[in-house]
$ cat protein_14.txt   # compact mmCIF, N, CA and C atoms
# COMPACT_ATOMS: atom_id res chain seq x y z
N MET V 16 -10.23 10.41 -11.19
CA MET V 16 -9.55 9.83 -12.34
C MET V 16 -9.67 8.32 -12.29
N ALA V 17 -10.03 7.70 -13.38
CA ALA V 17 -10.23 6.26 -13.43
C ALA V 17 -8.89 5.52 -13.44
N ILE V 18 -8.91 4.34 -12.89
CA ILE V 18 -7.76 3.44 -12.91
C ILE V 18 -8.05 2.38 -13.95
N THR V 19 -7.08 2.10 -14.79
CA THR V 19 -7.26 1.08 -15.82
C THR V 19 -6.23 -0.02 -15.63
N GLY V 20 -6.55 -1.17 -16.22
CA GLY V 20 -5.64 -2.30 -16.17
C GLY V 20 -5.87 -3.20 -17.35
N GLU V 21 -4.89 -4.08 -17.58
CA GLU V 21 -4.99 -5.00 -18.71
C GLU V 21 -4.10 -6.21 -18.48
N CYS V 22 -4.39 -7.25 -19.23
CA CYS V 22 -3.57 -8.46 -19.18
C CYS V 22 -2.30 -8.26 -20.01
N PHE V 23 -1.42 -9.25 -20.01
CA PHE V 23 -0.15 -9.17 -20.72
C PHE V 23 -0.32 -8.97 -22.22
N CYS V 24 -1.29 -9.68 -22.82
CA CYS V 24 -1.48 -9.54 -24.27
C CYS V 24 -2.31 -8.31 -24.63
N GLY V 25 -2.93 -7.67 -23.65
CA GLY V 25 -3.70 -6.45 -23.89
C GLY V 25 -5.11 -6.67 -24.38
N GLU V 26 -5.54 -7.91 -24.50
CA GLU V 26 -6.88 -8.21 -25.01
C GLU V 26 -7.98 -7.98 -23.97
N VAL V 27 -7.66 -8.22 -22.69
CA VAL V 27 -8.64 -8.03 -21.62
C VAL V 27 -8.28 -6.75 -20.88
N THR V 28 -9.23 -5.82 -20.80
CA THR V 28 -9.00 -4.56 -20.12
C THR V 28 -10.14 -4.27 -19.14
N TYR V 29 -9.84 -3.43 -18.15
CA TYR V 29 -10.87 -3.03 -17.18
C TYR V 29 -10.65 -1.60 -16.76
N ARG V 30 -11.65 -1.11 -16.04
CA ARG V 30 -11.63 0.26 -15.53
C ARG V 30 -12.20 0.24 -14.11
N VAL V 31 -11.59 1.01 -13.23
CA VAL V 31 -12.10 1.20 -11.87
C VAL V 31 -12.39 2.68 -11.72
N ASP V 32 -13.64 3.01 -11.50
CA ASP V 32 -14.04 4.40 -11.28
C ASP V 32 -14.08 4.66 -9.78
N GLY V 33 -12.90 4.70 -9.20
CA GLY V 33 -12.75 4.88 -7.76
C GLY V 33 -11.29 4.70 -7.40
N THR V 34 -11.04 4.45 -6.14
CA THR V 34 -9.68 4.27 -5.67
C THR V 34 -9.44 2.82 -5.26
N LEU V 35 -8.19 2.43 -5.29
CA LEU V 35 -7.81 1.12 -4.78
C LEU V 35 -7.56 1.26 -3.29
N LYS V 36 -7.87 0.20 -2.53
CA LYS V 36 -7.74 0.25 -1.08
C LYS V 36 -7.01 -0.98 -0.56
N ASP V 37 -6.39 -0.83 0.59
CA ASP V 37 -5.83 -1.93 1.36
C ASP V 37 -4.90 -2.81 0.52
N GLY V 38 -3.85 -2.22 -0.05
CA GLY V 38 -2.87 -2.99 -0.80
C GLY V 38 -2.20 -4.00 0.10
N ARG V 39 -2.14 -5.25 -0.37
CA ARG V 39 -1.53 -6.29 0.45
C ARG V 39 -0.84 -7.33 -0.41
N SER V 40 0.03 -8.03 0.23
CA SER V 40 0.78 -9.09 -0.44
C SER V 40 0.65 -10.34 0.42
N CYS V 41 0.19 -11.43 -0.17
CA CYS V 41 0.03 -12.69 0.55
C CYS V 41 1.17 -13.63 0.16
N HIS V 42 1.82 -14.21 1.15
CA HIS V 42 2.99 -15.05 0.94
C HIS V 42 2.71 -16.53 1.17
N CYS V 43 1.43 -16.93 1.24
CA CYS V 43 1.11 -18.34 1.48
C CYS V 43 1.47 -19.19 0.26
N SER V 44 1.56 -20.49 0.47
CA SER V 44 1.95 -21.39 -0.62
C SER V 44 0.93 -21.40 -1.76
N ARG V 45 -0.33 -21.22 -1.46
CA ARG V 45 -1.37 -21.21 -2.50
C ARG V 45 -1.22 -19.99 -3.41
N CYS V 46 -0.99 -18.81 -2.82
CA CYS V 46 -0.80 -17.59 -3.63
C CYS V 46 0.48 -17.67 -4.45
N ARG V 47 1.53 -18.27 -3.89
CA ARG V 47 2.77 -18.42 -4.67
C ARG V 47 2.49 -19.22 -5.94
N LYS V 48 1.71 -20.26 -5.83
CA LYS V 48 1.38 -21.08 -7.00
C LYS V 48 0.43 -20.35 -7.95
N LEU V 49 -0.57 -19.72 -7.38
CA LEU V 49 -1.57 -19.02 -8.18
C LEU V 49 -0.98 -17.87 -8.99
N PHE V 50 -0.06 -17.12 -8.37
CA PHE V 50 0.52 -15.95 -9.01
C PHE V 50 1.90 -16.21 -9.61
N ASN V 51 2.39 -17.45 -9.47
CA ASN V 51 3.69 -17.84 -10.01
C ASN V 51 4.78 -16.84 -9.59
N ALA V 52 4.78 -16.52 -8.30
CA ALA V 52 5.71 -15.53 -7.75
C ALA V 52 5.89 -15.82 -6.26
N GLN V 53 6.74 -15.04 -5.61
CA GLN V 53 6.95 -15.24 -4.18
C GLN V 53 5.72 -14.86 -3.36
N ALA V 54 4.84 -14.05 -3.94
CA ALA V 54 3.64 -13.59 -3.23
C ALA V 54 2.68 -12.95 -4.22
N SER V 55 1.47 -12.70 -3.76
CA SER V 55 0.52 -11.93 -4.55
C SER V 55 0.71 -10.45 -4.25
N ALA V 56 0.17 -9.60 -5.09
CA ALA V 56 0.13 -8.15 -4.85
C ALA V 56 -1.21 -7.69 -5.36
N VAL V 57 -2.11 -7.36 -4.42
CA VAL V 57 -3.48 -7.01 -4.78
C VAL V 57 -3.96 -5.80 -3.99
N ALA V 58 -5.04 -5.20 -4.47
CA ALA V 58 -5.70 -4.12 -3.74
C ALA V 58 -7.21 -4.28 -3.92
N PHE V 59 -7.95 -3.95 -2.90
CA PHE V 59 -9.41 -4.07 -2.93
C PHE V 59 -10.03 -2.96 -3.77
N VAL V 60 -11.16 -3.30 -4.41
CA VAL V 60 -11.98 -2.34 -5.15
C VAL V 60 -13.41 -2.50 -4.69
N GLU V 61 -14.19 -1.45 -4.87
CA GLU V 61 -15.63 -1.56 -4.65
C GLU V 61 -16.20 -2.23 -5.90
N PRO V 62 -16.88 -3.36 -5.76
CA PRO V 62 -17.36 -4.09 -6.94
C PRO V 62 -18.17 -3.24 -7.92
N GLU V 63 -18.96 -2.31 -7.41
CA GLU V 63 -19.78 -1.49 -8.30
C GLU V 63 -18.95 -0.46 -9.07
N GLN V 64 -17.70 -0.26 -8.69
CA GLN V 64 -16.82 0.68 -9.38
C GLN V 64 -15.95 -0.01 -10.43
N PHE V 65 -16.05 -1.33 -10.53
CA PHE V 65 -15.22 -2.10 -11.46
C PHE V 65 -16.02 -2.46 -12.70
N LYS V 66 -15.39 -2.35 -13.89
CA LYS V 66 -16.07 -2.70 -15.15
C LYS V 66 -15.05 -3.26 -16.13
N TRP V 67 -15.38 -4.40 -16.73
CA TRP V 67 -14.58 -4.92 -17.84
C TRP V 67 -14.84 -4.04 -19.05
N THR V 68 -13.81 -3.60 -19.75
CA THR V 68 -14.00 -2.71 -20.90
C THR V 68 -13.71 -3.39 -22.23
N SER V 69 -12.98 -4.50 -22.22
CA SER V 69 -12.80 -5.29 -23.45
C SER V 69 -12.30 -6.68 -23.09
N GLY V 70 -12.57 -7.62 -23.97
CA GLY V 70 -12.04 -8.97 -23.85
C GLY V 70 -12.68 -9.85 -22.79
N GLU V 71 -13.82 -9.47 -22.27
CA GLU V 71 -14.43 -10.26 -21.20
C GLU V 71 -14.66 -11.71 -21.61
N SER V 72 -14.89 -11.94 -22.91
CA SER V 72 -15.09 -13.32 -23.39
C SER V 72 -13.81 -14.15 -23.32
N LEU V 73 -12.66 -13.50 -23.17
CA LEU V 73 -11.38 -14.20 -23.04
C LEU V 73 -11.05 -14.58 -21.60
N LEU V 74 -11.92 -14.19 -20.66
CA LEU V 74 -11.66 -14.52 -19.25
C LEU V 74 -12.06 -15.94 -18.93
N THR V 75 -11.29 -16.55 -18.10
CA THR V 75 -11.64 -17.83 -17.50
C THR V 75 -11.37 -17.69 -16.02
N SER V 76 -11.86 -18.62 -15.24
CA SER V 76 -11.68 -18.45 -13.80
C SER V 76 -11.47 -19.78 -13.11
N TYR V 77 -10.92 -19.68 -11.93
CA TYR V 77 -10.83 -20.80 -11.01
C TYR V 77 -11.51 -20.33 -9.73
N THR V 78 -12.46 -21.10 -9.23
CA THR V 78 -13.19 -20.75 -8.02
C THR V 78 -13.22 -21.96 -7.10
N ASN V 79 -12.96 -21.74 -5.79
CA ASN V 79 -12.99 -22.85 -4.84
C ASN V 79 -14.42 -23.10 -4.34
N GLN V 80 -14.57 -24.07 -3.46
CA GLN V 80 -15.91 -24.43 -2.98
C GLN V 80 -16.58 -23.34 -2.17
N GLN V 81 -15.80 -22.41 -1.60
CA GLN V 81 -16.36 -21.31 -0.83
C GLN V 81 -16.73 -20.12 -1.70
N GLY V 82 -16.51 -20.21 -3.01
CA GLY V 82 -16.87 -19.13 -3.92
C GLY V 82 -15.78 -18.12 -4.18
N TYR V 83 -14.57 -18.34 -3.60
CA TYR V 83 -13.44 -17.43 -3.83
C TYR V 83 -12.60 -17.95 -4.99
N GLY V 84 -12.07 -17.02 -5.78
CA GLY V 84 -11.24 -17.45 -6.89
C GLY V 84 -10.57 -16.30 -7.60
N VAL V 85 -10.14 -16.57 -8.82
CA VAL V 85 -9.46 -15.58 -9.65
C VAL V 85 -9.99 -15.65 -11.07
N LYS V 86 -9.82 -14.55 -11.79
CA LYS V 86 -10.12 -14.51 -13.22
C LYS V 86 -8.81 -14.22 -13.93
N PHE V 87 -8.60 -14.93 -15.03
CA PHE V 87 -7.38 -14.73 -15.80
C PHE V 87 -7.66 -14.85 -17.28
N CYS V 88 -6.75 -14.30 -18.09
CA CYS V 88 -6.90 -14.30 -19.53
C CYS V 88 -6.57 -15.67 -20.10
N LYS V 89 -7.48 -16.21 -20.92
CA LYS V 89 -7.27 -17.51 -21.58
C LYS V 89 -6.12 -17.47 -22.56
N LYS V 90 -5.87 -16.30 -23.13
CA LYS V 90 -4.87 -16.16 -24.18
C LYS V 90 -3.45 -16.08 -23.61
N CYS V 91 -3.22 -15.20 -22.62
CA CYS V 91 -1.86 -15.00 -22.11
C CYS V 91 -1.64 -15.51 -20.69
N GLY V 92 -2.72 -15.81 -19.96
CA GLY V 92 -2.59 -16.36 -18.62
C GLY V 92 -2.50 -15.36 -17.49
N SER V 93 -2.52 -14.07 -17.78
CA SER V 93 -2.42 -13.07 -16.71
C SER V 93 -3.58 -13.18 -15.74
N THR V 94 -3.26 -13.21 -14.44
CA THR V 94 -4.28 -13.16 -13.39
C THR V 94 -4.64 -11.70 -13.18
N LEU V 95 -5.91 -11.36 -13.40
CA LEU V 95 -6.34 -9.96 -13.36
C LEU V 95 -7.01 -9.55 -12.06
N CYS V 96 -7.72 -10.47 -11.41
CA CYS V 96 -8.46 -10.08 -10.21
C CYS V 96 -8.81 -11.30 -9.38
N THR V 97 -9.21 -11.01 -8.14
CA THR V 97 -9.79 -12.04 -7.29
C THR V 97 -11.30 -11.79 -7.25
N VAL V 98 -12.05 -12.85 -7.02
CA VAL V 98 -13.51 -12.75 -7.01
C VAL V 98 -14.08 -13.53 -5.83
N HIS V 99 -15.28 -13.17 -5.45
CA HIS V 99 -16.08 -13.96 -4.53
C HIS V 99 -17.48 -14.03 -5.10
N ASN V 100 -17.97 -15.23 -5.29
CA ASN V 100 -19.27 -15.45 -5.94
C ASN V 100 -19.36 -14.65 -7.24
N ASP V 101 -18.29 -14.68 -8.01
CA ASP V 101 -18.16 -14.06 -9.33
C ASP V 101 -18.18 -12.53 -9.30
N GLN V 102 -18.06 -11.93 -8.13
CA GLN V 102 -17.99 -10.48 -8.01
C GLN V 102 -16.54 -10.08 -7.74
N VAL V 103 -16.01 -9.12 -8.50
CA VAL V 103 -14.62 -8.70 -8.35
C VAL V 103 -14.41 -8.05 -6.98
N LEU V 104 -13.40 -8.55 -6.23
CA LEU V 104 -13.05 -8.00 -4.92
C LEU V 104 -11.75 -7.21 -4.95
N GLN V 105 -10.76 -7.76 -5.68
CA GLN V 105 -9.43 -7.16 -5.71
C GLN V 105 -8.90 -7.20 -7.14
N VAL V 106 -8.04 -6.25 -7.47
CA VAL V 106 -7.29 -6.31 -8.72
C VAL V 106 -5.85 -6.65 -8.38
N THR V 107 -5.20 -7.36 -9.30
CA THR V 107 -3.78 -7.64 -9.12
C THR V 107 -3.00 -6.41 -9.54
N LEU V 108 -2.12 -5.97 -8.69
CA LEU V 108 -1.41 -4.70 -8.94
C LEU V 108 -0.48 -4.79 -10.13
N GLY V 109 -0.01 -5.96 -10.48
CA GLY V 109 0.87 -6.11 -11.63
C GLY V 109 0.18 -5.82 -12.96
N CYS V 110 -1.15 -5.88 -12.99
CA CYS V 110 -1.90 -5.62 -14.23
C CYS V 110 -2.48 -4.21 -14.30
N VAL V 111 -2.26 -3.40 -13.26
CA VAL V 111 -2.76 -2.02 -13.25
C VAL V 111 -1.83 -1.17 -14.12
N ASN V 112 -2.42 -0.33 -14.94
CA ASN V 112 -1.65 0.61 -15.77
C ASN V 112 -1.26 1.84 -14.96
N GLY V 113 -0.07 2.37 -15.22
CA GLY V 113 0.35 3.62 -14.59
C GLY V 113 0.55 3.48 -13.09
N ASN V 114 0.40 4.59 -12.41
CA ASN V 114 0.59 4.65 -10.97
C ASN V 114 -0.76 4.65 -10.28
N PRO V 115 -1.14 3.55 -9.62
CA PRO V 115 -2.45 3.52 -8.96
C PRO V 115 -2.48 4.25 -7.62
N GLU V 116 -1.36 4.88 -7.26
CA GLU V 116 -1.25 5.64 -6.02
C GLU V 116 -1.66 4.82 -4.80
N ILE V 117 -1.08 3.63 -4.71
CA ILE V 117 -1.29 2.77 -3.55
C ILE V 117 0.02 2.03 -3.29
N GLU V 118 0.23 1.68 -2.05
CA GLU V 118 1.39 0.89 -1.67
C GLU V 118 0.91 -0.36 -0.95
N ILE V 119 1.77 -1.37 -0.95
CA ILE V 119 1.47 -2.58 -0.18
C ILE V 119 1.62 -2.21 1.30
N GLY V 120 0.53 -2.27 2.03
CA GLY V 120 0.53 -1.90 3.44
C GLY V 120 0.67 -3.08 4.38
N GLN V 121 0.35 -4.28 3.88
CA GLN V 121 0.39 -5.47 4.72
C GLN V 121 0.98 -6.64 3.94
N HIS V 122 1.84 -7.36 4.61
CA HIS V 122 2.35 -8.62 4.09
C HIS V 122 1.77 -9.70 4.99
N ILE V 123 0.90 -10.55 4.40
CA ILE V 123 0.18 -11.53 5.21
C ILE V 123 0.67 -12.94 4.91
N TYR V 124 0.42 -13.82 5.86
CA TYR V 124 0.83 -15.23 5.81
C TYR V 124 2.34 -15.37 5.59
N VAL V 125 3.11 -14.48 6.22
CA VAL V 125 4.56 -14.60 6.11
C VAL V 125 5.07 -15.81 6.89
N GLY V 126 4.24 -16.36 7.77
CA GLY V 126 4.62 -17.58 8.50
C GLY V 126 4.78 -18.77 7.58
N SER V 127 4.19 -18.71 6.39
CA SER V 127 4.33 -19.82 5.44
C SER V 127 5.02 -19.38 4.15
N LYS V 128 5.77 -18.26 4.22
CA LYS V 128 6.48 -17.80 3.02
C LYS V 128 7.54 -18.82 2.60
N ALA V 129 7.97 -18.71 1.36
CA ALA V 129 9.02 -19.60 0.86
C ALA V 129 10.31 -19.36 1.64
N ARG V 130 11.04 -20.41 1.91
CA ARG V 130 12.29 -20.28 2.66
C ARG V 130 13.30 -19.39 1.94
N TRP V 131 13.23 -19.32 0.63
CA TRP V 131 14.19 -18.53 -0.14
C TRP V 131 13.85 -17.05 -0.19
N GLU V 132 12.65 -16.67 0.29
CA GLU V 132 12.27 -15.27 0.26
C GLU V 132 12.78 -14.55 1.52
N VAL V 133 13.39 -13.40 1.33
CA VAL V 133 13.87 -12.57 2.43
C VAL V 133 12.95 -11.36 2.52
N MET V 134 12.33 -11.19 3.68
CA MET V 134 11.42 -10.07 3.88
C MET V 134 12.22 -8.83 4.30
N PRO V 135 11.92 -7.67 3.72
CA PRO V 135 12.62 -6.45 4.13
C PRO V 135 12.20 -6.04 5.54
N GLU V 136 13.07 -5.33 6.21
CA GLU V 136 12.75 -4.83 7.55
C GLU V 136 11.84 -3.62 7.45
N GLY V 137 11.09 -3.39 8.52
CA GLY V 137 10.29 -2.18 8.61
C GLY V 137 8.95 -2.24 7.89
N ILE V 138 8.49 -3.42 7.51
CA ILE V 138 7.19 -3.53 6.85
C ILE V 138 6.20 -4.21 7.78
N SER V 139 4.94 -3.96 7.58
CA SER V 139 3.89 -4.56 8.39
C SER V 139 3.70 -6.01 7.96
N GLN V 140 3.99 -6.95 8.89
CA GLN V 140 3.92 -8.37 8.58
C GLN V 140 2.98 -9.08 9.54
N PHE V 141 2.29 -10.09 9.02
CA PHE V 141 1.40 -10.91 9.84
C PHE V 141 1.71 -12.37 9.56
N GLU V 142 1.84 -13.16 10.61
CA GLU V 142 2.10 -14.59 10.45
C GLU V 142 1.00 -15.27 9.65
N ALA V 143 -0.22 -14.83 9.85
CA ALA V 143 -1.39 -15.35 9.12
C ALA V 143 -2.18 -14.13 8.65
N ALA V 144 -3.49 -14.21 8.68
CA ALA V 144 -4.32 -13.06 8.29
C ALA V 144 -4.36 -12.06 9.42
N PRO V 145 -4.38 -10.76 9.13
CA PRO V 145 -4.48 -9.77 10.20
C PRO V 145 -5.85 -9.83 10.87
N SER V 146 -5.89 -9.56 12.14
CA SER V 146 -7.19 -9.54 12.83
C SER V 146 -7.88 -8.23 12.50
N LYS V 147 -9.17 -8.28 12.44
CA LYS V 147 -9.94 -7.08 12.05
C LYS V 147 -10.25 -6.22 13.23
$ encode --input "protein_14.txt" --output "structure tokens"
Amino acid sequence: MAITGECFCGEVTYRVDGTLKDGRSCHCSRCRKLFNAQASAVAFVEPEQFKWTSGESLLTSYTNQQGYGVKFCKKCGSTLCTVHNDQVLQVTLGCVNGNPEIEIGQHIYVGSKARWEVMPEGISQFEAAPSK
């Protein structure tokens, strides 16, 4: 069964013909600013299983010098995915429609989380990135 997602205004839509993997939440200061929240919530996709289905012309992106970045809707501002060298790596879980049947399994960079954020007990946390 395909997974679909869309931005807040509904103009940009996508489809994933596969499963989402490795749900994680990053609590670093950069992700807080990028996602305008206490943390990001993303899951990995296989790039060949991801397809924009409408509104691709409404996408804009921010990419750093290493080729990592995000794509978001020019109209409503929703951050839809992360990219590397313009290839989709992760989708933001807040833009996924329905139940993607995935949970956040890792909370990363909690060593730099906002002082006002309280982490729940019993979750997998990493001060920085988890070692592979």
$ residues_around --input "protein_14.txt" --residues "Val57 (chain V)" --least-positions-apart "3" --cutoff "5 Å" --atoms "only N, CA and C atoms" --output "list in words"
Gly38, Arg39, Val106, Thr107 and Leu108 of chain V
$ select_by_dssp --input "protein_14.txt" --residues "chain V" --states "helix (DSSP H, G or I)" --output "number ranges by chain"
V: 44-50, 62-64, 71-73, 108-110, 125-127
$ closest_residue --input "protein_14.txt" --among "V:Gly84, V:Pro115, V:Gly92, V:Gly137" --to "Asp32 (chain V)" --atoms "only C-alpha atoms"
V:Pro115
$ atom_distance --input "protein_14.txt" --atom1 "CA of Phe65 (chain V)" --atom2 "CA of Gln102 (chain V)"
9.5 Å
$ atom_distance --input "protein_14.txt" --atom1 "atom N of Gly113 (chain V)" --atom2 "atom N of Ser139 (chain V)"
24.2 Å
$ atom_distance --input "protein_14.txt" --atom1 "atom C of Thr94 (chain V)" --atom2 "atom C of Pro135 (chain V)"
25.8 Å
